[in-house]
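Q: One structure is given below, represented as structure tokens, and several questions about it will come after.
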Amino acid sequence: MIVQVITYLRERSAMMKWIFLSYLAFALVFDFFADRHHAHFWGDHVIGFWAIFGLLGCLLMIVFCKGLSHVWLERDTDYYDK
Amino acid sequence: MTSSIFMHPAALFLVGALLLPLFRKFNAQKIWLVVVPLLAFLQIKYLPASFGCVEWLGFKMQFGRVDQLTMVFLHVFTLMALIGSIFGLHVKESGQHVAAWLYVAGSLGTTLAGDYLTLFIFWELMAFASVFLVWYRKKKRSIEAGFRYLLVHTFGGLVLLGGIFLRYQATHDLSFELISPDTATLAEYLIMIGFMLNAAVPPIHAWLPDAYPEATVTGAVFMCAFTTKTAVYVLARGFAGFEALAIMGAIMTLYGVGYAVIENDARRILAYHIVSQVGYMVCGVGIGTEMAINGACAHAYAHILYKALLFMGVGSVLEMTGRSKLSELGGLYKYMPFSMIFTVIGGIAISGFPLTSGFISKSMIIAAAGNNHQLILMCMLSLAAVGTFLSVGIKLPYFIWFGPKDSGLKPKEAYWNMQVGMFMAAFMCIFLGVYPDYLYNMLPYAVHYHPYNSYHLTETFHLLGFTGLGFYIMVKYLKPHDVSNLDLDWFYRRGAGWFMWVARNPINAVNEFVSNVYQTVGLRFTMAAARALSWFDWEGIDWALDGSAKGIVQGGEQVRQFQTGKLQQYIGAAVALLFLVLIVVVLI
């Protein structure tokens, strides 16, 4: 049963994309109504701060880590056996 | 009082482990594997505040010290022992179970220890028992990794022991209590480094991603739960409020997650991710406020369950397909749907989705950093949360269960006992998320934190949602390759090779050369020098004194010439002498 549902959803990737994007829109709208009494710093008062933090953090982390791996850290899996 | 040692939960596992081969003989191994951890889980509630105090060689040892801080760790350790044992029920080799239980006993013993001596004994038991969980994989790589694991932990144990000795010399007190940062000396810092090695704090963390991916399927499930979290407990007990720990912890969270983003082997990703998650706890311990300590304990509790769940999930895949590299997996959801659901629950729990255990535990540490006005730490921890969702929440399940390509594998669903183990852990992940007070009531201090407020919710919606967007944009770039990445274990893995090369080649050659030179030149020189000295002794020194040595030799020579050795001459001489004596007597 679960398998059929997932297969059904995987075949409709455009629909999944729209569901995901509408979730992001909901999250941004929800931010306008959040209670900010316990703010820790200035960023907590900016609408969508954590959205930008999450997106930029994610992209920078991928670029930085993958880049570092490619130019320096990456080795064959039997590197130490040679 | 000595008899009260037998109520120690570690004793239950020790005796249980010793009797296990017997139960196997009577085909009751599976029953015994469930009964013993279950008994321990029920029994810990009835432990007195202090028990098992022994005087030994003039040292006061305390095997049992129970308070709120101990209790939360005991609770999750025994629960994890139960889940892990059920997950491993299908393993017929008693040896693996014995190693796992001795390891659990070491961990429980460390947690309950009231003095450094007891702590050290159980600490070493933990290291020596757990290495067998690596060796039981019986592959060349595992055996090598096991030896490295053992060497690193022996080194850590020695540092700890050195610290304990110095502390005893200074204070003559071995009781294990909270240490203030103001009074800490070299002894305390050595103890802390010993603890930090087991908590896998960089730069002494590389043993963890080196050994855990090489362990057996069930062994890794145990290992991911006990060593690092016992270290978190002893740090929380002894070193709460050390700022160095807060900074190191925050660095750990990013260091571990960075490697989790780039690694390919699923169990290596999870192993690096332990470094990251333990970083939250170490950071919480370092911040040291009541809320932060609570957060560290809560996170340890939640983390043990969901990290074990993830190790069980990828372990099931490894058991069923023989593969654990993301580049060789994909599309398995059709064949192992239950394992998939459980692993995804582990993934969303570790990422801190609302209604899961990560949401109610991780946020406590981040909020504690915020309340303590440590904003840089708070941002580092939040960034690590982004990386967590990216690497373990999305990347890992995506490339194993779904993925851009189908691996073509058609494995069977995991064994029933594996599924039961995964179900129990997954249930706890959701249960704690829905009913956080179950966990909060166990914590060392009263909890005034409410995770389900609208601001925390919106923050989480954003962080998770937009991290997901980032993954969606970059998914092609994240495609796994069959490589592994260098880490600081390079220094001792390559270093050991160089050391051996230097010993075999240059040092050996120099040794040969020196020995040749000695034989050809040195030996002759020595002989000539001996002759010269002998001449000097003979001529110089004797002349300088009184010539007596020469005189004696010459006298001896004359006496020798006297003695001809011919019998008739001797008789003649004797007769002549007798005659001479007679003449003298007669005349006088």
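In the structure tokens, chains take the letters A, B, ... in the order shown, each chain's residues start at 1, and ligands count up from 1 in the order shown.
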Which residues of chain A are close to chain B, meaning at most 8 Å apart when you count only C-alpha atoms, and how do they look as a PyMOL selection string?
A: chain A and resi 2-3+23-24+27-28+30-31+34-36+40-41+48+50-59+61-62+65-66+69+73-77+80
Q: Write the residues of the selection above to a file with N, CA and C atoms, as a CSV table (one decimal), in the first residue's frame.
A:
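Ended up saving to part.csv:
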```csv
chain,number,residue,atom,x,y,z
A,2,ILE,N,1.8,1.3,1.0
A,2,ILE,CA,2.7,2.4,1.0
A,2,ILE,C,3.5,2.6,-0.3
A,3,VAL,N,3.9,1.4,-0.8
A,3,VAL,CA,4.7,1.4,-2.0
A,3,VAL,C,4.0,2.0,-3.1
A,23,TYR,N,4.0,24.9,0.6
A,23,TYR,CA,4.4,24.8,2.0
A,23,TYR,C,5.3,25.9,2.4
A,24,LEU,N,6.3,26.2,1.5
A,24,LEU,CA,7.2,27.3,1.8
A,24,LEU,C,6.4,28.6,1.9
A,27,ALA,N,4.8,28.7,5.2
A,27,ALA,CA,5.8,29.0,6.3
A,27,ALA,C,6.1,30.5,6.4
A,28,LEU,N,6.2,31.2,5.2
A,28,LEU,CA,6.5,32.6,5.2
A,28,LEU,C,5.3,33.4,5.8
A,30,PHE,N,3.0,32.2,7.8
A,30,PHE,CA,2.9,31.9,9.3
A,30,PHE,C,3.8,32.8,10.1
A,31,ASP,N,5.0,33.2,9.5
A,31,ASP,CA,6.0,34.0,10.2
A,31,ASP,C,5.4,35.3,10.6
A,34,ALA,N,3.7,35.0,14.1
A,34,ALA,CA,4.4,34.4,15.2
A,34,ALA,C,4.7,35.3,16.4
A,35,ASP,N,4.6,34.8,17.6
A,35,ASP,CA,4.8,35.6,18.8
A,35,ASP,C,6.3,35.8,19.0
A,36,ARG,N,6.8,37.0,19.0
A,36,ARG,CA,8.3,37.2,19.1
A,36,ARG,C,8.7,37.8,20.5
A,40,HIS,N,15.9,36.3,20.9
A,40,HIS,CA,17.2,36.3,21.5
A,40,HIS,C,18.1,37.4,20.9
A,41,PHE,N,17.9,37.8,19.7
A,41,PHE,CA,18.7,38.8,19.0
A,41,PHE,C,17.9,39.4,17.9
A,48,GLY,N,11.1,36.2,8.1
A,48,GLY,CA,11.8,35.3,7.1
A,48,GLY,C,13.3,35.2,7.3
A,50,TRP,N,15.0,33.2,9.3
A,50,TRP,CA,15.5,31.9,9.3
A,50,TRP,C,15.3,31.2,8.0
A,51,ALA,N,14.4,31.7,7.2
A,51,ALA,CA,14.3,31.2,5.8
A,51,ALA,C,15.6,31.5,5.0
A,52,ILE,N,16.0,32.7,5.1
A,52,ILE,CA,17.2,33.1,4.4
A,52,ILE,C,18.4,32.4,5.0
A,53,PHE,N,18.5,32.3,6.3
A,53,PHE,CA,19.6,31.6,7.0
A,53,PHE,C,19.6,30.1,6.5
A,54,GLY,N,18.5,29.5,6.5
A,54,GLY,CA,18.4,28.1,6.1
A,54,GLY,C,18.9,27.9,4.6
A,55,LEU,N,18.3,28.7,3.7
A,55,LEU,CA,18.6,28.6,2.3
A,55,LEU,C,20.1,28.9,2.0
A,56,LEU,N,20.6,30.0,2.5
A,56,LEU,CA,22.0,30.4,2.3
A,56,LEU,C,22.9,29.4,3.0
A,57,GLY,N,22.6,29.1,4.2
A,57,GLY,CA,23.4,28.2,5.0
A,57,GLY,C,23.6,26.9,4.2
A,58,CYS,N,22.4,26.4,3.7
A,58,CYS,CA,22.4,25.1,3.0
A,58,CYS,C,23.3,25.2,1.7
A,59,LEU,N,23.1,26.2,0.9
A,59,LEU,CA,23.8,26.4,-0.3
A,59,LEU,C,25.3,26.6,-0.1
A,61,MET,N,27.0,25.7,2.5
A,61,MET,CA,27.6,24.5,3.1
A,61,MET,C,27.9,23.5,2.0
A,62,ILE,N,26.9,23.3,1.1
A,62,ILE,CA,27.1,22.4,0.0
A,62,ILE,C,28.3,22.8,-0.9
A,65,CYS,N,31.7,22.6,1.3
A,65,CYS,CA,32.1,21.2,1.7
A,65,CYS,C,32.5,20.4,0.4
A,66,LYS,N,31.6,20.4,-0.5
A,66,LYS,CA,31.8,19.7,-1.7
A,66,LYS,C,33.1,20.2,-2.4
A,69,SER,N,36.1,19.0,-0.6
A,69,SER,CA,36.3,17.6,-0.9
A,69,SER,C,36.9,17.4,-2.3
A,73,LEU,N,40.3,16.9,-0.1
A,73,LEU,CA,40.1,15.8,0.8
A,73,LEU,C,39.8,14.4,0.1
A,74,GLU,N,39.3,14.5,-1.1
A,74,GLU,CA,38.8,13.3,-1.8
A,74,GLU,C,39.9,12.3,-2.1
A,75,ARG,N,39.7,11.1,-1.8
A,75,ARG,CA,40.7,10.0,-2.1
A,75,ARG,C,39.9,8.7,-2.5
A,76,ASP,N,40.6,7.8,-3.1
A,76,ASP,CA,40.0,6.5,-3.4
A,76,ASP,C,39.7,5.8,-2.1
A,77,THR,N,38.7,4.9,-2.1
A,77,THR,CA,38.4,4.3,-0.8
A,77,THR,C,39.5,3.4,-0.3
A,80,TYR,N,44.4,4.1,1.9
A,80,TYR,CA,45.3,3.7,3.0
A,80,TYR,C,45.8,2.3,2.8
```
Q: Per DSSP on the backbone, what are the helix (DSSP H, G or I) residues of range 35-64 of chain A, as JSON, numbers by chain?
A: {"A": [42, 43, 44, 45, 49, 50, 51, 52, 53, 54, 55, 56, 57, 58, 59, 60, 61, 62, 63, 64]}
Q: Quick one: residues within 7 Å of Gly279 in chain B, only C-alpha atoms, excluding same-chain residues fewer than 5 positions away - as a PyMOL selection string?
A: chain B and resi 249-250+252-253
Q: List the spatial neighbours of Val447 in chain B as a list of chain:residue names - criterion: any atom at most 10 Å away, only C-alpha atoms, same-chain residues fewer than 5 positions off excluded.
A: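 Near Val447 in chain B, the qualifying residues are B:Glu290, B:Met291, B:Asn294, B:Gly295, B:Met364, B:Asp437, B:Tyr440, B:Asn441, B:Met442.
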Q: Please compute the CA of Leu245 in chain B-CA of Gly286 in chain B distance, one decimal, in Å.
A: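 Separating CA of Leu245 in chain B from CA of Gly286 in chain B is a distance of 4.5 Å.
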Q: At a cut-off of 12 Å, using only C-alpha atoms, what residues contact Gly238 in chain B? Leave out same-chain residues fewer than 3 positions from it and give the result as a tab-separated table (two decimals) with N, CA and C atoms, in the first residue's frame.
A:
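What landed in selection.tsv:
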```tsv
chain	number	residue	atom	x	y	z
B	69	LEU	N	20.79	13.20	37.41
B	69	LEU	CA	21.66	13.20	36.22
B	69	LEU	C	22.01	11.77	35.81
B	111	THR	N	28.70	5.21	34.39
B	111	THR	CA	27.65	6.17	34.74
B	111	THR	C	27.37	6.17	36.24
B	114	GLY	N	31.13	6.49	41.55
B	114	GLY	CA	31.20	7.67	42.39
B	114	GLY	C	32.63	8.14	42.60
B	115	ASP	N	33.62	7.38	42.10
B	115	ASP	CA	35.01	7.80	42.25
B	115	ASP	C	35.76	7.47	40.97
B	116	TYR	N	36.93	8.09	40.82
B	116	TYR	CA	37.68	7.98	39.57
B	116	TYR	C	38.21	6.57	39.33
B	175	SER	N	37.13	11.09	44.79
B	175	SER	CA	35.69	11.14	44.52
B	175	SER	C	35.44	11.98	43.26
B	176	PHE	N	34.44	11.56	42.50
B	176	PHE	CA	34.17	12.14	41.19
B	176	PHE	C	33.04	13.15	41.34
B	177	GLU	N	33.41	14.42	41.47
B	177	GLU	CA	32.41	15.47	41.66
B	177	GLU	C	32.64	16.59	40.65
B	178	LEU	N	31.75	17.57	40.67
B	178	LEU	CA	31.86	18.70	39.76
B	178	LEU	C	33.14	19.49	40.06
B	179	ILE	N	33.87	19.84	39.01
B	179	ILE	CA	35.11	20.60	39.15
B	179	ILE	C	34.84	22.02	38.68
B	180	SER	N	35.33	22.98	39.45
B	180	SER	CA	35.13	24.37	39.06
B	180	SER	C	36.22	24.80	38.09
B	181	PRO	N	35.86	25.56	37.04
B	181	PRO	CA	36.89	26.01	36.09
B	181	PRO	C	37.98	26.84	36.75
B	184	ALA	N	40.74	24.42	38.30
B	184	ALA	CA	41.25	23.33	37.49
B	184	ALA	C	42.75	23.51	37.22
B	188	GLU	N	43.21	18.15	36.20
B	188	GLU	CA	41.82	18.19	35.78
B	188	GLU	C	41.72	18.26	34.25
B	189	TYR	N	42.64	19.02	33.65
B	189	TYR	CA	42.58	19.14	32.19
B	189	TYR	C	42.94	17.82	31.51
B	191	ILE	N	42.27	14.86	32.76
B	191	ILE	CA	41.05	14.05	32.88
B	191	ILE	C	40.04	14.48	31.82
B	192	MET	N	39.92	15.79	31.66
B	192	MET	CA	38.96	16.31	30.68
B	192	MET	C	39.34	15.85	29.27
B	195	PHE	N	38.29	12.35	28.76
B	195	PHE	CA	36.84	12.28	28.51
B	195	PHE	C	36.51	12.76	27.10
B	196	MET	N	37.19	13.83	26.69
B	196	MET	CA	36.89	14.42	25.38
B	196	MET	C	37.24	13.47	24.24
B	231	ALA	N	30.58	9.54	27.63
B	231	ALA	CA	31.53	10.65	27.75
B	231	ALA	C	30.79	11.96	28.03
B	232	VAL	N	29.64	12.14	27.37
B	232	VAL	CA	28.85	13.34	27.65
B	232	VAL	C	28.41	13.37	29.11
B	233	TYR	N	28.01	12.20	29.63
B	233	TYR	CA	27.60	12.13	31.03
B	233	TYR	C	28.75	12.54	31.95
B	234	VAL	N	29.95	11.95	31.76
B	234	VAL	CA	31.04	12.27	32.69
B	234	VAL	C	31.47	13.73	32.54
B	235	LEU	N	31.37	14.29	31.32
B	235	LEU	CA	31.68	15.71	31.17
B	235	LEU	C	30.65	16.56	31.92
B	241	GLY	N	30.17	23.86	32.62
B	241	GLY	CA	30.54	25.26	32.74
B	241	GLY	C	31.94	25.60	32.27
B	242	PHE	N	32.67	24.65	31.71
B	242	PHE	CA	33.98	24.97	31.12
B	242	PHE	C	33.75	25.57	29.74
B	245	LEU	N	34.69	23.87	26.46
B	245	LEU	CA	33.80	22.82	25.96
B	245	LEU	C	32.70	23.41	25.08
B	285	VAL	N	26.93	21.26	27.78
B	285	VAL	CA	27.68	21.05	29.01
B	285	VAL	C	28.59	22.25	29.27
B	286	GLY	N	29.22	22.74	28.18
B	286	GLY	CA	30.14	23.86	28.34
B	286	GLY	C	29.44	25.14	28.73
B	288	GLY	N	26.70	25.28	30.52
B	288	GLY	CA	26.67	24.98	31.95
B	288	GLY	C	25.50	25.54	32.75
B	293	ILE	N	22.32	22.23	30.67
B	293	ILE	CA	22.59	20.86	31.14
B	293	ILE	C	21.35	20.00	30.86
```
Q: Would you mind listing what lies within 9 Å of Ala127 in chain B as a ChimeraX atom specification, with only C-alpha atoms counted and same-chain residues fewer than 2 positions away left out?
A: /B:103,106,122-125,129-131,149-150,153-154,157,227
Q: Kindly save the residues from that selection, with C-alpha atoms included, as a compact mmCIF listing (two decimals), in the first residue's frame.
A:
```
# COMPACT_ATOMS: atom_id res chain seq x y z
CA TYR B 103 30.24 -2.95 26.66
CA GLY B 106 31.11 -0.82 31.16
CA PHE B 122 34.58 0.48 33.71
CA TRP B 123 35.91 3.04 31.24
CA GLU B 124 38.54 0.57 30.06
CA LEU B 125 36.04 -2.31 30.04
CA ALA B 129 34.59 -4.88 24.96
CA SER B 130 33.51 -2.59 22.14
CA VAL B 131 36.55 -3.33 19.97
CA TYR B 149 40.40 2.06 17.72
CA LEU B 150 42.02 0.16 20.57
CA HIS B 153 41.39 4.50 23.30
CA THR B 154 44.36 3.11 25.18
CA GLY B 157 42.78 5.93 28.91
CA THR B 227 30.79 5.47 24.13
```
Q: Excluding range 160-163 of chain B and any residue of its chain fewer than 2 positions from it, enumerate the residues within 6 Å of it, using only C-alpha atoms, and give them as a PyMOL selection string.
A: chain B and resi 157-158+165-166+187+190-191+194
Q: Take the residues from that selection and write them out as a short mmCIF file (atom, residue, chain, number, x, y, z; two decimals), in the first residue's frame, keeping N, CA, C and O atoms.
A:
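Listed below is the output, result.cif:
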```cif
data_model
loop_
_atom_site.label_atom_id
_atom_site.label_comp_id
_atom_site.auth_asym_id
_atom_site.auth_seq_id
_atom_site.Cartn_x
_atom_site.Cartn_y
_atom_site.Cartn_z
N GLY B 157 42.85 6.48 27.56
CA GLY B 157 42.78 5.93 28.91
C GLY B 157 44.00 6.32 29.72
O GLY B 157 43.91 6.64 30.91
N LEU B 158 45.17 6.31 29.08
CA LEU B 158 46.40 6.66 29.79
C LEU B 158 46.42 8.13 30.19
O LEU B 158 46.85 8.48 31.28
N PHE B 165 46.01 10.23 38.59
CA PHE B 165 47.18 10.13 39.49
C PHE B 165 47.58 11.51 40.02
O PHE B 165 47.78 11.70 41.21
N LEU B 166 47.69 12.47 39.09
CA LEU B 166 48.10 13.81 39.51
C LEU B 166 47.10 14.39 40.49
O LEU B 166 47.47 15.04 41.46
N ALA B 187 46.04 18.41 36.17
CA ALA B 187 45.40 17.11 36.44
C ALA B 187 43.98 17.09 35.90
O ALA B 187 43.58 16.17 35.18
N LEU B 190 43.88 17.06 32.12
CA LEU B 190 44.19 15.74 31.56
C LEU B 190 42.96 14.83 31.62
O LEU B 190 42.65 14.11 30.67
N ILE B 191 42.27 14.86 32.76
CA ILE B 191 41.05 14.05 32.88
C ILE B 191 40.04 14.48 31.82
O ILE B 191 39.43 13.66 31.14
N GLY B 194 40.96 13.14 28.47
CA GLY B 194 40.59 11.72 28.40
C GLY B 194 39.12 11.54 28.09
O GLY B 194 38.74 10.73 27.25
#
```
